[in-house]
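Here the structure is laid out as structure tokens; the discussion comes afterwards.
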Amino acid sequence: MATPTSDKDAVQKQIDDNLKRIFEETANQPLPDQLSQLLDQLREQETRK
Amino acid sequence: MSHPDPREELIALLPSLRAFAMSLTRQPAAADDLVQDTVLKAWSNFDKFQVGTNLRAWLFTILRNTYYSDRRKKVREVEDGDGVLTAQLSEKPAHDGRLAMRDFRVAFDQLTDEQREALILVGASGFSYEEAAETCNCAVGTIKSRINRGRARLAELMQLNDNEAMELTDPATMAVISSGRTATA
């Protein structure tokens with residue numbers, strides 16, 4: 001379907017695919033030590049309450 | 001009815017929080033600091049969180065407010081942080097196909113913070129327009145228009161306008177780079 005609308009949809013889809021790729025690149029990484037240590041500390045405080 | 005512990009939910013949401021932080025700061029170290037501040041604020045304010053409401057929007061809002069308030073402080077401290085960004089943008093992107101990731105990043109970096117966050121929230125994190133509006137404390141129409149403008153700008157930067165040439169030629173690439181040099185944030 002080579003209508004102008006489908007061209008526009010294709011552009012939008014490419015943009016959204018790339019946005020997802022940017023997002024997932026970080027979201028799929030394991031948590032850095034900085035954050036997992038912080039969580040450990042916070043949870044420990046919580047159990048001591 | 002019991003709701004899941006928001007503290008456990010927060011942990012599950014950390015990867016998306018980091019990805020959102022990364023789209024705002026665009027620097028891993030700054031993104032992790034931002035997430036750390038967000039977690040600390042959220043943790044000490046859980047008593048204000050209404051169990052059963054949208055924790056994801058609540059956390060993203062805290063992160064976003066922290067980012068903008070830090071940014072305002074930094075702008076007051078240093079007048080020009082632009083030098084670093086300009087240097088990054090002038091790096092020549094690959095020209096071996098439209099929407100190559102590196103090109104896309106360069107283009108994405110040229111959007112305003114408001115456009116980037118709206119696009120990432122709705123386009124990548126699966127937020128509804130309503131949720132994104134709640135997170136950004138603005139009207140649904142504002143989110144829609146930021147997304148439309150952001151998409152149009154990306155398409156323009158990536159030479160993706162309808163019926164345009166399929167590939168970024170060198171002159172086109174150079175135009176993207178030079179427009180980045182003069183663009184004001």
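Identifiers for the structure tokens are assigned positionally: chains receive A, B, ... in sequence, residues are indexed from 1 per chain, and ligands are indexed from 1 in the order shown.
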Using only C-alpha atoms, determine which residues of chain A fall within 6 Å of chain B; present them as number ranges by chain. A: 16, 19-20, 23, 26-27
Output for the residues just chosen: all heavy atoms as a PDB file, in the first residue's frame:
```pdb
ATOM      1  N   ASP A  16       9.774   4.860  16.240  1.00  0.00           N
ATOM      2  CA  ASP A  16       9.411   4.168  17.485  1.00  0.00           C
ATOM      3  C   ASP A  16      10.304   2.953  17.740  1.00  0.00           C
ATOM      4  O   ASP A  16      10.686   2.682  18.875  1.00  0.00           O
ATOM      5  CB  ASP A  16       7.941   3.750  17.467  1.00  0.00           C
ATOM      6  CG  ASP A  16       7.021   4.937  17.737  1.00  0.00           C
ATOM      7  OD1 ASP A  16       7.540   6.047  17.997  1.00  0.00           O
ATOM      8  OD2 ASP A  16       5.786   4.773  17.681  1.00  0.00           O
ATOM      9  N   LEU A  19      13.453   4.304  19.126  1.00  0.00           N
ATOM     10  CA  LEU A  19      13.254   4.775  20.502  1.00  0.00           C
ATOM     11  C   LEU A  19      13.275   3.588  21.457  1.00  0.00           C
ATOM     12  O   LEU A  19      13.900   3.628  22.515  1.00  0.00           O
ATOM     13  CB  LEU A  19      11.920   5.508  20.633  1.00  0.00           C
ATOM     14  CG  LEU A  19      11.831   6.888  19.996  1.00  0.00           C
ATOM     15  CD1 LEU A  19      10.387   7.379  20.002  1.00  0.00           C
ATOM     16  CD2 LEU A  19      12.723   7.889  20.707  1.00  0.00           C
ATOM     17  N   LYS A  20      12.585   2.513  21.056  1.00  0.00           N
ATOM     18  CA  LYS A  20      12.546   1.315  21.895  1.00  0.00           C
ATOM     19  C   LYS A  20      13.937   0.735  22.052  1.00  0.00           C
ATOM     20  O   LYS A  20      14.310   0.282  23.126  1.00  0.00           O
ATOM     21  CB  LYS A  20      11.605   0.268  21.288  1.00  0.00           C
ATOM     22  CG  LYS A  20      10.148   0.649  21.433  1.00  0.00           C
ATOM     23  CD  LYS A  20       9.232  -0.549  21.202  1.00  0.00           C
ATOM     24  CE  LYS A  20       7.771  -0.127  21.254  1.00  0.00           C
ATOM     25  NZ  LYS A  20       7.238   0.191  19.913  1.00  0.00           N
ATOM     26  N   PHE A  23      15.837   2.771  24.509  1.00  0.00           N
ATOM     27  CA  PHE A  23      15.312   2.524  25.847  1.00  0.00           C
ATOM     28  C   PHE A  23      15.767   1.164  26.370  1.00  0.00           C
ATOM     29  O   PHE A  23      16.270   1.042  27.484  1.00  0.00           O
ATOM     30  CB  PHE A  23      13.785   2.599  25.799  1.00  0.00           C
ATOM     31  CG  PHE A  23      13.130   2.529  27.148  1.00  0.00           C
ATOM     32  CD1 PHE A  23      13.026   3.665  27.925  1.00  0.00           C
ATOM     33  CD2 PHE A  23      12.594   1.346  27.628  1.00  0.00           C
ATOM     34  CE1 PHE A  23      12.410   3.617  29.167  1.00  0.00           C
ATOM     35  CE2 PHE A  23      11.979   1.291  28.860  1.00  0.00           C
ATOM     36  CZ  PHE A  23      11.883   2.430  29.632  1.00  0.00           C
ATOM     37  N   THR A  26      19.424   0.360  27.705  1.00  0.00           N
ATOM     38  CA  THR A  26      19.703   0.612  29.119  1.00  0.00           C
ATOM     39  C   THR A  26      18.858  -0.294  30.012  1.00  0.00           C
ATOM     40  O   THR A  26      19.359  -0.841  30.989  1.00  0.00           O
ATOM     41  CB  THR A  26      19.401   2.079  29.483  1.00  0.00           C
ATOM     42  OG1 THR A  26      20.089   2.925  28.571  1.00  0.00           O
ATOM     43  CG2 THR A  26      19.854   2.391  30.899  1.00  0.00           C
ATOM     44  N   ALA A  27      17.589  -0.466  29.669  1.00  0.00           N
ATOM     45  CA  ALA A  27      16.681  -1.234  30.532  1.00  0.00           C
ATOM     46  C   ALA A  27      17.117  -2.698  30.659  1.00  0.00           C
ATOM     47  O   ALA A  27      16.836  -3.346  31.661  1.00  0.00           O
ATOM     48  CB  ALA A  27      15.255  -1.146  30.011  1.00  0.00           C
TER      49      ALA A  27
END
```
State, in Å with one decimal place, the distance from atom CA of Arg146 of chain B to atom CA of Gln115 of chain B.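 These two atoms are separated by 5.1 Å.
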